[in-house]
Structures are given as structure tokens and as C-alpha cells.
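Content type mmCIF, C-alpha atoms, from the file structure-v8.cif:
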data_input
#
loop_
_atom_site.label_atom_id
_atom_site.label_comp_id
_atom_site.auth_asym_id
_atom_site.auth_seq_id
_atom_site.Cartn_x
_atom_site.Cartn_y
_atom_site.Cartn_z
CA MET A 18 -113.06 -74.60 37.53
CA ARG A 19 -115.08 -76.44 34.89
CA GLY A 20 -113.01 -78.85 32.81
CA ASN A 21 -110.45 -81.42 33.87
CA VAL A 22 -107.33 -79.70 35.19
CA TYR A 23 -105.04 -82.31 33.65
CA ILE A 24 -106.50 -81.77 30.19
CA TYR A 25 -105.97 -78.01 30.56
CA ILE A 26 -102.36 -78.66 31.54
CA ALA A 27 -101.81 -81.09 28.66
CA VAL A 28 -103.25 -78.61 26.13
CA MET A 29 -101.07 -75.78 27.47
CA ALA A 30 -97.93 -77.92 27.43
CA LEU A 31 -98.59 -79.32 23.94
CA VAL A 32 -99.25 -75.94 22.29
CA THR A 33 -96.21 -74.39 23.95
CA TYR A 34 -93.95 -77.30 22.96
CA LEU A 35 -95.12 -77.30 19.32
CA ILE A 36 -94.38 -73.57 18.99
CA ARG A 37 -90.85 -74.23 20.22
CA MET A 38 -90.25 -77.47 18.33
CA ILE A 39 -91.62 -76.84 14.81
CA PRO A 40 -89.12 -74.16 13.70
CA LEU A 41 -86.13 -76.09 15.09
CA VAL A 42 -87.12 -79.23 13.21
CA ALA A 43 -88.47 -77.57 10.06
CA TRP A 44 -85.35 -75.51 9.33
CA LYS A 45 -82.57 -78.04 9.70
CA LYS A 46 -80.86 -76.91 6.51
CA GLU A 47 -78.80 -73.79 6.37
CA ILE A 48 -80.85 -70.90 5.02
CA LYS A 49 -79.22 -69.18 2.03
CA SER A 50 -81.41 -66.08 1.58
CA PRO A 51 -79.34 -63.04 2.65
CA PHE A 52 -82.48 -61.28 3.90
CA ILE A 53 -83.61 -64.16 6.13
CA LYS A 54 -80.05 -64.70 7.35
CA SER A 55 -79.78 -61.03 8.29
CA PHE A 56 -83.21 -61.13 9.87
CA LEU A 57 -82.34 -64.13 12.04
CA TYR A 58 -79.02 -62.52 12.98
CA TYR A 59 -80.88 -59.47 14.34
CA VAL A 60 -83.76 -61.38 15.99
CA PRO A 61 -82.04 -62.05 19.35
CA TYR A 62 -80.96 -58.43 19.76
CA ALA A 63 -84.37 -56.97 18.87
CA CYS A 64 -86.21 -59.53 20.97
CA LEU A 65 -84.05 -59.31 24.10
CA ALA A 66 -83.80 -55.51 23.99
CA GLY A 67 -87.56 -55.19 23.51
CA MET A 68 -88.24 -57.52 26.43
CA THR A 69 -85.81 -55.66 28.70
CA PHE A 70 -86.97 -52.11 28.25
CA PRO A 71 -89.27 -50.74 29.61
CA ALA A 72 -90.19 -53.93 31.55
CA ILE A 73 -87.04 -53.62 33.71
CA LEU A 74 -88.42 -50.38 35.18
CA THR A 75 -91.42 -52.20 36.65
CA SER A 76 -89.63 -55.43 37.60
CA THR A 77 -88.82 -54.27 41.13
CA SER A 78 -90.93 -52.67 43.86
CA SER A 79 -90.39 -49.11 42.53
CA VAL A 80 -89.57 -47.42 39.22
CA VAL A 81 -86.62 -45.66 40.88
CA SER A 82 -84.93 -48.89 41.99
CA GLY A 83 -85.75 -50.43 38.61
CA ALA A 84 -84.02 -47.53 36.87
CA VAL A 85 -81.00 -47.84 39.16
CA GLY A 86 -80.80 -51.55 38.37
CA PHE A 87 -81.06 -50.75 34.65
CA GLY A 88 -78.23 -48.20 34.87
CA ALA A 89 -75.99 -50.53 36.86
CA ALA A 90 -76.62 -53.42 34.46
CA LEU A 91 -75.88 -51.19 31.45
CA ILE A 92 -72.53 -50.14 32.92
CA ALA A 93 -71.54 -53.69 33.89
CA ALA A 94 -72.60 -55.01 30.46
CA TYR A 95 -70.67 -52.20 28.73
CA LYS A 96 -67.57 -53.33 30.61
CA GLU A 97 -68.24 -56.79 29.15
CA LYS A 98 -68.68 -58.54 32.48
CA SER A 99 -70.09 -62.10 32.43
CA LEU A 100 -73.84 -62.84 32.47
CA VAL A 101 -73.73 -63.84 36.11
CA THR A 102 -71.80 -60.74 37.16
CA VAL A 103 -74.11 -58.35 35.32
CA ALA A 104 -77.18 -60.03 36.84
CA LEU A 105 -75.73 -59.85 40.35
CA VAL A 106 -74.60 -56.24 39.94
CA ALA A 107 -78.14 -55.31 38.90
CA CYS A 108 -79.63 -57.16 41.91
CA ALA A 109 -77.17 -55.51 44.30
CA ALA A 110 -77.91 -52.06 42.87
CA VAL A 111 -81.65 -52.57 43.30
CA PHE A 112 -81.12 -53.82 46.85
CA LEU A 113 -79.03 -50.75 47.76
CA ALA A 114 -81.38 -48.34 46.02
CA GLU A 115 -84.35 -49.66 47.96
CA ARG A 116 -82.44 -49.34 51.22
CA PHE A 117 -81.04 -45.86 50.76
CA ILE A 118 -83.19 -43.89 48.32
CA MET B 28 -71.46 -85.40 24.99
CA ASN B 29 -69.64 -82.11 24.98
CA ARG B 30 -68.54 -81.58 28.58
CA GLU B 31 -67.10 -78.11 28.04
CA SER B 32 -70.37 -76.79 26.57
CA PHE B 33 -72.42 -78.53 29.23
CA ARG B 34 -70.36 -76.98 32.01
CA ARG B 35 -70.66 -73.50 30.48
CA GLY B 36 -74.41 -74.02 30.20
CA LEU B 37 -74.64 -75.03 33.85
CA LYS B 38 -72.74 -71.91 34.90
CA ASP B 39 -74.87 -69.54 32.80
CA GLY B 40 -77.95 -71.40 34.06
CA VAL B 41 -77.32 -70.42 37.68
CA PRO B 42 -78.62 -66.84 37.54
CA ILE B 43 -81.48 -68.05 35.33
CA GLY B 44 -82.41 -70.69 37.89
CA LEU B 45 -82.29 -68.15 40.72
CA GLY B 46 -84.48 -65.69 38.86
CA TYR B 47 -86.91 -68.46 37.93
CA PHE B 48 -87.04 -69.62 41.52
CA ALA B 49 -88.15 -66.17 42.68
CA VAL B 50 -90.74 -65.68 39.92
CA SER B 51 -92.25 -69.14 40.21
CA ILE B 52 -92.84 -68.72 43.95
CA ALA B 53 -95.47 -66.18 42.95
CA PHE B 54 -96.92 -68.64 40.43
CA GLY B 55 -97.14 -71.41 43.03
CA MET B 56 -98.91 -69.10 45.47
CA MET B 57 -101.44 -68.00 42.87
CA ALA B 58 -102.12 -71.52 41.62
CA VAL B 59 -102.92 -72.86 45.08
CA SER B 60 -105.04 -69.89 46.02
CA GLY B 61 -106.95 -70.45 42.75
CA GLY B 62 -107.84 -73.97 43.87
CA LEU B 63 -105.15 -76.16 42.25
CA THR B 64 -103.23 -78.75 44.25
CA VAL B 65 -99.50 -78.38 44.93
CA TRP B 66 -98.80 -81.27 42.54
CA GLN B 67 -100.86 -79.68 39.73
CA ALA B 68 -99.07 -76.37 40.17
CA MET B 69 -95.69 -78.11 39.91
CA LEU B 70 -96.84 -80.14 36.92
CA ILE B 71 -97.74 -76.94 35.04
CA SER B 72 -94.31 -75.46 35.72
CA LEU B 73 -92.45 -78.65 34.83
CA THR B 74 -94.28 -79.16 31.52
CA ASN B 75 -94.68 -75.56 30.35
CA LEU B 76 -91.59 -73.69 31.52
CA THR B 77 -92.94 -70.28 30.55
CA SER B 78 -93.93 -67.46 32.88
CA ALA B 79 -96.45 -65.27 31.07
CA GLY B 80 -98.14 -68.26 29.42
CA GLN B 81 -98.58 -70.05 32.75
CA PHE B 82 -100.05 -67.04 34.53
CA ALA B 83 -102.52 -66.53 31.68
CA GLY B 84 -103.32 -70.24 31.52
CA LEU B 85 -103.91 -70.36 35.25
CA GLY B 86 -106.42 -67.54 34.93
CA ILE B 87 -108.34 -69.54 32.32
CA ILE B 88 -108.27 -72.77 34.34
CA VAL B 89 -109.48 -71.01 37.49
CA GLY B 90 -112.04 -68.97 35.56
CA GLY B 91 -113.45 -72.09 33.87
CA GLY B 92 -112.54 -71.22 30.27
CA THR B 93 -112.68 -73.72 27.41
CA TYR B 94 -109.84 -75.91 26.14
CA TRP B 95 -109.81 -73.94 22.89
CA GLU B 96 -109.47 -70.71 24.81
CA ILE B 97 -106.43 -71.98 26.70
CA ALA B 98 -104.85 -73.34 23.51
CA LEU B 99 -105.33 -70.04 21.67
CA THR B 100 -104.03 -67.97 24.59
CA GLN B 101 -100.86 -70.07 24.78
CA LEU B 102 -100.40 -69.74 21.04
CA VAL B 103 -100.61 -65.95 21.15
CA ILE B 104 -98.53 -65.39 24.28
CA ASN B 105 -95.87 -67.93 23.39
CA LEU B 106 -95.59 -67.24 19.66
CA ARG B 107 -92.36 -65.34 20.32
CA TYR B 108 -90.71 -68.72 20.96
CA PHE B 109 -91.36 -69.49 17.29
CA LEU B 110 -89.01 -66.68 16.29
CA MET B 111 -86.46 -67.73 18.90
CA SER B 112 -86.49 -71.36 17.76
CA PHE B 113 -86.25 -70.21 14.13
CA SER B 114 -83.17 -68.19 15.00
CA LEU B 115 -81.73 -71.04 17.07
CA SER B 116 -82.35 -73.52 14.21
CA GLN B 117 -79.57 -71.78 12.28
CA LYS B 118 -77.22 -71.38 15.22
CA LEU B 119 -77.06 -74.97 16.52
CA VAL B 120 -73.96 -76.96 15.57
CA ARG B 121 -74.65 -79.08 12.50
CA ASP B 122 -72.65 -82.22 13.26
CA VAL B 123 -74.90 -83.63 15.99
CA PRO B 124 -77.90 -85.96 15.48
CA TRP B 125 -81.13 -84.10 14.63
CA VAL B 126 -82.94 -85.75 17.52
CA HIS B 127 -81.25 -83.23 19.82
CA ARG B 128 -83.48 -80.54 18.35
CA TYR B 129 -86.56 -82.14 19.91
CA PHE B 130 -84.96 -81.89 23.35
CA VAL B 131 -83.46 -78.43 22.91
CA ALA B 132 -86.93 -77.23 21.85
CA PHE B 133 -88.38 -78.01 25.26
CA GLY B 134 -86.02 -75.52 26.89
CA VAL B 135 -86.46 -72.55 24.54
CA THR B 136 -87.34 -69.88 27.10
CA ASP B 137 -86.59 -66.16 26.84
CA GLU B 138 -83.59 -66.57 29.13
CA ILE B 139 -82.11 -69.82 27.79
CA PHE B 140 -82.52 -68.51 24.26
CA GLY B 141 -80.85 -65.29 25.42
CA VAL B 142 -77.73 -66.98 26.75
CA SER B 143 -77.39 -69.40 23.83
CA ALA B 144 -77.80 -66.54 21.35
CA GLY B 145 -74.97 -64.80 23.19
CA GLN B 146 -72.51 -67.64 22.52
CA GLU B 147 -69.82 -67.01 19.92
CA GLY B 148 -70.36 -68.90 16.69
CA ARG B 149 -72.48 -72.03 16.71
CA VAL B 150 -73.92 -73.44 19.90
CA SER B 151 -73.91 -77.07 21.07
CA PRO B 152 -77.15 -78.66 22.33
CA TRP B 153 -75.18 -79.59 25.43
CA TYR B 154 -74.87 -75.92 26.32
CA ASN B 155 -78.68 -75.68 26.30
CA TYR B 156 -78.96 -78.89 28.32
CA GLY B 157 -76.60 -77.45 30.93
CA ALA B 158 -78.73 -74.31 31.30
CA MET B 159 -81.93 -76.41 31.35
CA CYS B 160 -80.50 -78.61 34.14
CA VAL B 161 -80.44 -75.58 36.44
CA ALA B 162 -83.37 -73.59 35.07
CA ILE B 163 -86.02 -76.34 35.08
CA PRO B 164 -85.44 -77.40 38.72
CA GLY B 165 -85.30 -73.71 39.73
CA TRP B 166 -88.65 -73.03 38.06
CA THR B 167 -90.35 -76.18 39.39
CA LEU B 168 -89.00 -75.99 42.95
CA GLY B 169 -89.88 -72.30 43.22
CA THR B 170 -93.43 -73.28 42.32
CA LEU B 171 -93.37 -75.92 45.04
CA VAL B 172 -92.09 -73.47 47.63
CA GLY B 173 -94.72 -70.88 46.70
CA ALA B 174 -97.51 -73.46 46.65
CA VAL B 175 -96.58 -74.89 50.05
CA SER B 176 -95.49 -71.84 51.96
CA GLY B 177 -97.36 -68.88 50.59
CA GLY B 178 -94.14 -66.89 50.15
CA ILE B 179 -91.01 -67.58 52.11
CA LEU B 180 -88.60 -64.95 50.80
CA PRO B 181 -88.89 -61.40 52.15
CA ASP B 182 -90.18 -58.78 49.71
CA PHE B 183 -86.88 -56.94 49.31
CA ILE B 184 -85.14 -60.09 48.11
CA MET B 185 -87.94 -60.85 45.64
CA SER B 186 -87.68 -57.29 44.37
CA ALA B 187 -83.90 -57.48 43.88
CA LEU B 188 -84.14 -60.87 42.11
CA GLY B 189 -86.79 -59.50 39.76
CA VAL B 190 -84.15 -57.51 37.90
CA ALA B 191 -81.72 -60.43 37.41
CA ILE B 192 -83.02 -61.73 34.08
CA TYR B 193 -82.98 -58.26 32.52
CA GLY B 194 -79.37 -57.86 33.65
CA MET B 195 -78.56 -61.04 31.76
CA PHE B 196 -80.33 -59.85 28.63
CA LEU B 197 -78.30 -56.65 28.71
CA ALA B 198 -75.10 -58.66 29.18
CA VAL B 199 -75.98 -60.45 25.92
CA VAL B 200 -76.92 -57.44 23.77
CA ILE B 201 -74.63 -54.63 24.94
CA PRO B 202 -71.12 -55.99 24.16
CA PRO B 203 -71.90 -56.68 20.46
CA ALA B 204 -73.72 -53.32 20.27
CA LYS B 205 -70.44 -51.62 21.23
CA LYS B 206 -68.63 -53.10 18.24
CA ASN B 207 -71.38 -53.11 15.63
CA ARG B 208 -73.41 -50.00 14.73
CA ALA B 209 -76.25 -52.02 13.22
CA VAL B 210 -76.69 -54.06 16.41
CA LEU B 211 -76.64 -50.85 18.45
CA GLY B 212 -79.36 -49.45 16.18
CA VAL B 213 -81.44 -52.61 16.60
CA VAL B 214 -81.11 -52.54 20.41
CA VAL B 215 -82.07 -48.86 20.73
CA CYS B 216 -84.95 -49.09 18.24
CA ALA B 217 -86.36 -52.24 19.84
CA MET B 218 -86.37 -50.56 23.25
CA ALA B 219 -88.06 -47.50 21.76
CA VAL B 220 -90.75 -49.52 19.96
CA SER B 221 -91.57 -51.61 23.03
CA ALA B 222 -91.66 -48.41 25.14
CA LEU B 223 -94.23 -46.99 22.69
CA PHE B 224 -96.42 -50.01 23.32
CA ALA B 225 -96.04 -49.60 27.07
CA TRP B 226 -96.67 -45.88 27.26
CA VAL B 227 -98.90 -44.76 24.37
CA PRO B 228 -102.50 -45.08 25.61
CA ALA B 229 -103.93 -46.44 22.33
CA LEU B 230 -101.26 -49.21 22.22
CA LYS B 231 -101.34 -50.18 25.88
CA HIS B 232 -103.90 -52.93 25.42
CA VAL B 233 -101.78 -55.03 23.06
CA SER B 234 -100.81 -58.19 24.97
CA SER B 235 -97.17 -58.47 26.04
CA GLY B 236 -96.60 -61.53 23.84
CA PHE B 237 -97.69 -59.63 20.74
CA VAL B 238 -95.62 -56.59 21.67
CA ILE B 239 -92.47 -58.74 21.58
CA ILE B 240 -93.42 -60.32 18.25
CA ILE B 241 -94.29 -56.99 16.61
CA THR B 242 -91.16 -55.32 17.98
CA THR B 243 -88.89 -58.16 16.88
CA VAL B 244 -90.31 -58.55 13.37
CA LEU B 245 -90.46 -54.80 12.76
CA VAL B 246 -86.99 -53.92 14.04
CA ALA B 247 -85.10 -57.03 12.86
CA GLY B 248 -86.89 -56.78 9.49
CA ALA B 249 -86.03 -53.09 9.02
CA ALA B 250 -82.43 -53.71 10.11
CA SER B 251 -81.94 -56.51 7.58
CA LEU B 252 -83.12 -54.16 4.81
CA ILE B 253 -80.92 -51.27 5.95
CA TRP B 254 -77.86 -53.21 7.10
CA PRO B 255 -77.85 -56.63 5.41
CA VAL B 256 -75.34 -58.88 7.16
CA GLU B 257 -72.46 -59.60 4.81
CA GLU B 258 -71.26 -63.15 4.48
CA LYS B 259 -67.86 -62.30 6.00
CA GLU B 260 -69.14 -60.88 9.26
CA ASP B 261 -71.87 -63.48 9.57
CA ASP B 262 -72.07 -64.48 13.20
CA TYR B 263 -72.68 -68.11 12.35
CA GLU B 264 -69.52 -68.50 10.31
CA ARG B 265 -67.05 -67.36 12.93
#

Using C-alpha cells, write down the structure from this file.
Amino acid sequence: MRGNVYIYIAVMALVTYLIRMIPLVAWKKEIKSPFIKSFLYYVPYACLAGMTFPAILTSTSSVVSGAVGFGAALIAAYKEKSLVTVALVACAAVFLAERFI
Amino acid sequence: MNRESFRRGLKDGVPIGLGYFAVSIAFGMMAVSGGLTVWQAMLISLTNLTSAGQFAGLGIIVGGGTYWEIALTQLVINLRYFLMSFSLSQKLVRDVPWVHRYFVAFGVTDEIFGVSAGQEGRVSPWYNYGAMCVAIPGWTLGTLVGAVSGGILPDFIMSALGVAIYGMFLAVVIPPAKKNRAVLGVVVCAMAVSALFAWVPALKHVSSGFVIIITTVLVAGAASLIWPVEEKEDDYER
């Protein structure tokens, strides 16, 4: 360690907060452009799907149990279960897969 | 205060808090073994609330990098929050004081953004506050437990909890994908693009933060050209 730990922490926290805060404060008005509106409508789906796969396969102790968790979560989500239920179903599936496969 | 939204946020925050707890145990362990105090480790978690950024930042602190280096690393890894906050800026209810946006901003994480994006129509800041009230303590206390104990939960529980946040993401994206072809296309394409980055040797070295940004801009951009959202089915107007 070279610098002051608290300055490191302050710099990290400040940069991270500004990235989160600027867009929320800068775009208070409703955006009219159909392209931007469409883009922002699709952002959550693209972002969350991209973060989920393939990372979910390596989120557990083996690719097999990760894949089982992925499959179980897909089925539960397809049946439109709540967030909590889908998360727990995925955890339970991983737990069982690691026990029995 | 909107009690109904706050309560819903608390409820959706529970699995987020549990997942955070498990992940931040690992962060607390690493921070202490790198030479930070328990208090410093907790302070990082409390003020940053971001997993990948904190792990990268910790590496720089321990390795003796410069302040510029840590600032730039956070910018690159956390730039995806810019897109999330941009999207959220249009989804927040419009009849509350603007000052709420400064507080909501603090809690824009992958998971809290995920659940608020999954709400029908516009979202109240109180929903985000509810989720933050569970997620922030989960993240900070997990760090404490990891820093003090050096890992208290058995491996198989850590492994099972690791999948929780992805389950939540799927619960957000799959139901609308069933009803809307364009959303289905976006979900499948985004998974394919991010898989390319994970598996194609030449693309493997792109940092995970950039992969998310590239995937999101590319796929959401292409989708808005191919399937522009018509005013009538605009999610925000429901």
C-alpha cells in the first residue's frame, strides 16, 4: 500500500456515485425522440440478459450445477413466478445438483 | 412517503440482500488479507455498493496504484450504471421532488436497477429506498462477517447463493419476453453477444464492465432501429 487508504476509498466512492447520479439528474425531462425512447426501453432487457448469460454458468462451484440453476430459473421465470421465488428455485436447484450429480 | 411502494421494495430487496451478503463475505476476506482493517473494508462496501468495482479497487489499493488509476478503473468498470441511471431517469414517477434522484442514484446497482426496471409503469423512489434498506445492510454486514471471520458459511451454501441474483434477472426479463417478440429478440441476442465475449479467444480480454456496455448499446441500439417502440405500447405510459 502506498497512498492513504481513505483517499483511495473517497475517490472510488465519488467516481461511482457521479456515474450513477449524473444521468438521473441531467435527464429530468421526458425524452421525446422515438429512437432514444426505444433505446431506453430495451436497455434493461439487453443489460440484464447480457449480465446473466454466460456468467450464471460460472456463478456456482461447477458449470453443471450452474446450468441446472439456469434451467430451473428459466422455467420458474417462464411461469411468471415472483423475483424471490425464481431466485430461491434457482438456489435450490443448484443445491440439489451439487448433492446428487 | 409511499408505503405501498416502500413495502414492495423491501420484499424484493430480500433476495438481493441475501445474495449481497454471500458475495461480500468474499470481499471482506480479501480486503483484510490484503492489509485493510475491518472498518476500512466495511467503509468501502457502505460507500461504493458495487461488486466488480470494489474487487478491482481493492487490487489497486493493495498493489499501491495511483489515485488516477483507481478513478479510471472505477469509471470503466462502473460505466454501465450510467446507462442504467439514464434508463431509470425516464421511468421514475414525475410528481415527486427532484431531490429524490440524488438519493435513488446512490442505490443504482445491477440488482436494484433490475427489480425497479421490472416494475409495471413508472416507479416510485420509495420502491428503490425499500430495496436499498435491505441491500445496503446485506452488503455491508457480509463484508463485516467476511473480514472478521474469514468465511463462516460452508462452501455449498455460498455456491447455491451465487446463482440467486441471476435468477432474479431472469424473473425480470423472461415474462415480458413471452409477450413481446422484440424483447425476446433483445434477450436472446444480448446473451449471444456476451457469450461471444466470454468464449471467443480474441475477445476474452475485454473487461467485464465493457462487455456489458458494448452488449447493451449494440443490442438495444439495433433493436430500437428494427423494432421502434410505438407510443401506444410504451412501457412508461401504462

Which residues, written as a PyMOL selection string, have at least one atom at most 8 Å from Phe183 in chain B, with all atoms listed in the file counted and residues fewer than 3 positions away on the same chain left out?
(chain A and resi 112+115) or (chain B and resi 186-187)

So that I have them on file, write out the residues from the current selection with C-alpha atoms, as a compact mmCIF listing (two decimals), keeping the file's coordinate frame.
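Final output, saved to result_30.txt:
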# COMPACT_ATOMS: atom_id res chain seq x y z
CA PHE A 112 -81.12 -53.82 46.85
CA GLU A 115 -84.35 -49.66 47.96
CA SER B 186 -87.68 -57.29 44.37
CA ALA B 187 -83.90 -57.48 43.88

Give me, as JSON lines, each residue of chain A that comes within 7 Å of chain B, together with its shortest interatomic pair and the distance in Å at one decimal, counting all atoms listed in the file, with rows ordered by chain and rising residue number.
{"residue": "A:Met18", "atom": "CA", "partner": "B:Gly91", "partner_atom": "CA", "distance": 4.5}
{"residue": "A:Arg19", "atom": "CA", "partner": "B:Gly91", "partner_atom": "CA", "distance": 4.8}
{"residue": "A:Gly20", "atom": "CA", "partner": "B:Gly91", "partner_atom": "CA", "distance": 6.9}
{"residue": "A:Tyr25", "atom": "CA", "partner": "B:Tyr94", "partner_atom": "CA", "distance": 6.2}
{"residue": "A:Ile26", "atom": "CA", "partner": "B:Ile71", "partner_atom": "CA", "distance": 6.0}
{"residue": "A:Val28", "atom": "CA", "partner": "B:Ala98", "partner_atom": "CA", "distance": 6.1}
{"residue": "A:Met29", "atom": "CA", "partner": "B:Ala98", "partner_atom": "CA", "distance": 6.0}
{"residue": "A:Ala30", "atom": "CA", "partner": "B:Asn75", "partner_atom": "CA", "distance": 5.0}
{"residue": "A:Val32", "atom": "CA", "partner": "B:Ala98", "partner_atom": "CA", "distance": 6.3}
{"residue": "A:Thr33", "atom": "CA", "partner": "B:Gln101", "partner_atom": "CA", "distance": 6.4}
{"residue": "A:Tyr34", "atom": "CA", "partner": "B:Phe133", "partner_atom": "CA", "distance": 6.1}
{"residue": "A:Ile36", "atom": "CA", "partner": "B:Phe109", "partner_atom": "CA", "distance": 5.4}
{"residue": "A:Arg37", "atom": "CA", "partner": "B:Ala132", "partner_atom": "CA", "distance": 5.2}
{"residue": "A:Met38", "atom": "CA", "partner": "B:Ala132", "partner_atom": "CA", "distance": 4.8}
{"residue": "A:Pro40", "atom": "CA", "partner": "B:Phe113", "partner_atom": "CA", "distance": 4.9}
{"residue": "A:Leu41", "atom": "CA", "partner": "B:Ser116", "partner_atom": "CA", "distance": 4.7}
{"residue": "A:Val42", "atom": "CA", "partner": "B:Arg128", "partner_atom": "CA", "distance": 6.4}
{"residue": "A:Trp44", "atom": "CA", "partner": "B:Ser116", "partner_atom": "CA", "distance": 6.1}
{"residue": "A:Lys45", "atom": "CA", "partner": "B:Ser116", "partner_atom": "CA", "distance": 6.4}
{"residue": "A:Glu47", "atom": "CA", "partner": "B:Gln117", "partner_atom": "CA", "distance": 6.3}
{"residue": "A:Phe52", "atom": "CA", "partner": "B:Ser251", "partner_atom": "CA", "distance": 6.0}
{"residue": "A:Ser55", "atom": "CA", "partner": "B:Ser251", "partner_atom": "CA", "distance": 5.1}
{"residue": "A:Phe56", "atom": "CA", "partner": "B:Ser251", "partner_atom": "CA", "distance": 5.3}
{"residue": "A:Leu57", "atom": "CA", "partner": "B:Ser114", "partner_atom": "CA", "distance": 5.1}
{"residue": "A:Tyr59", "atom": "CA", "partner": "B:Ala247", "partner_atom": "CA", "distance": 5.1}
{"residue": "A:Val60", "atom": "CA", "partner": "B:Ala247", "partner_atom": "CA", "distance": 5.5}
{"residue": "A:Pro61", "atom": "CA", "partner": "B:Ala144", "partner_atom": "CA", "distance": 6.5}
{"residue": "A:Tyr62", "atom": "CA", "partner": "B:Val200", "partner_atom": "CA", "distance": 5.8}
{"residue": "A:Ala63", "atom": "CA", "partner": "B:Thr243", "partner_atom": "CA", "distance": 5.1}
{"residue": "A:Cys64", "atom": "CA", "partner": "B:Thr243", "partner_atom": "CA", "distance": 5.1}
{"residue": "A:Leu65", "atom": "CA", "partner": "B:Phe196", "partner_atom": "CA", "distance": 5.9}
{"residue": "A:Ala66", "atom": "CA", "partner": "B:Val214", "partner_atom": "CA", "distance": 5.4}
{"residue": "A:Gly67", "atom": "CA", "partner": "B:Met218", "partner_atom": "CA", "distance": 4.8}
{"residue": "A:Met68", "atom": "CA", "partner": "B:Ile239", "partner_atom": "CA", "distance": 6.6}
{"residue": "A:Thr69", "atom": "CA", "partner": "B:Tyr193", "partner_atom": "CA", "distance": 5.4}
{"residue": "A:Phe70", "atom": "CA", "partner": "B:Met218", "partner_atom": "CA", "distance": 5.3}
{"residue": "A:Pro71", "atom": "CA", "partner": "B:Ala222", "partner_atom": "CA", "distance": 5.6}
{"residue": "A:Ile73", "atom": "CA", "partner": "B:Tyr193", "partner_atom": "CA", "distance": 6.3}
{"residue": "A:Ser76", "atom": "CA", "partner": "B:Gly189", "partner_atom": "CA", "distance": 5.4}
{"residue": "A:Thr77", "atom": "CA", "partner": "B:Ser186", "partner_atom": "CA", "distance": 4.6}
{"residue": "A:Ser78", "atom": "CA", "partner": "B:Ser186", "partner_atom": "CA", "distance": 5.7}
{"residue": "A:Gly86", "atom": "CA", "partner": "B:Val190", "partner_atom": "CA", "distance": 6.9}
{"residue": "A:Ala90", "atom": "CA", "partner": "B:Gly194", "partner_atom": "CA", "distance": 5.3}
{"residue": "A:Leu91", "atom": "CA", "partner": "B:Leu197", "partner_atom": "CA", "distance": 6.6}
{"residue": "A:Ala94", "atom": "CA", "partner": "B:Ala198", "partner_atom": "CA", "distance": 4.6}
{"residue": "A:Tyr95", "atom": "CA", "partner": "B:Pro202", "partner_atom": "CA", "distance": 6.0}
{"residue": "A:Glu97", "atom": "CA", "partner": "B:Pro202", "partner_atom": "CA", "distance": 5.8}
{"residue": "A:Ser99", "atom": "CA", "partner": "B:Ala198", "partner_atom": "CA", "distance": 6.9}
{"residue": "A:Leu100", "atom": "CA", "partner": "B:Met195", "partner_atom": "CA", "distance": 5.1}
{"residue": "A:Val101", "atom": "CA", "partner": "B:Pro42", "partner_atom": "CA", "distance": 5.9}
{"residue": "A:Val103", "atom": "CA", "partner": "B:Gly194", "partner_atom": "CA", "distance": 5.5}
{"residue": "A:Ala104", "atom": "CA", "partner": "B:Gly194", "partner_atom": "CA", "distance": 4.4}
{"residue": "A:Leu105", "atom": "CA", "partner": "B:Ala191", "partner_atom": "CA", "distance": 6.7}
{"residue": "A:Ala107", "atom": "CA", "partner": "B:Gly194", "partner_atom": "CA", "distance": 6.0}
{"residue": "A:Cys108", "atom": "CA", "partner": "B:Ala187", "partner_atom": "CA", "distance": 4.7}
{"residue": "A:Val111", "atom": "CA", "partner": "B:Ala187", "partner_atom": "CA", "distance": 5.4}
{"residue": "A:Phe112", "atom": "CA", "partner": "B:Ala187", "partner_atom": "CA", "distance": 5.5}

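CA of Thr167 in chain B is found 7.3 Å from CA of Ser51 in chain B.
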
Would you work out the distance separating CA of Asp122 in chain B from CA of Lys49 in chain A, expressed in Å to one decimal?
18.4 Å

The distance between CA of Arg34 in chain B and CA of Ala93 in chain A is 23.4 Å

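Take the candidates B:Gly36, B:Pro124, B:Pro228, B:Gly55 and check each one against Ser176 in chain B using all atoms listed in the file; the shortest distance goes to B:Gly55.
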
Give me the result of the PyMOL selection byres ((chain B and resi 149) around 8) on this file, residue by residue, as a PyMOL selection string.
chain B and resi 118-120+146-148+150-151+263-264

Test item: axis-aligned box, all listed atoms of range 77-90 of chain A, 4 Å on each side, centre and edges in Å rounded to one decimal, as lines of an AutoDock Vina configuration file:
center_x = -83.5
center_y = -50.0
center_z = 39.2
size_x = 22.9
size_y = 16.6
size_z = 17.4

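Between Phe48 in chain B and the residues B:Val227, B:Ile163, B:Val233, B:Ile139, the shortest atom-to-atom distance, using all atoms listed in the file, involves B:Ile163.
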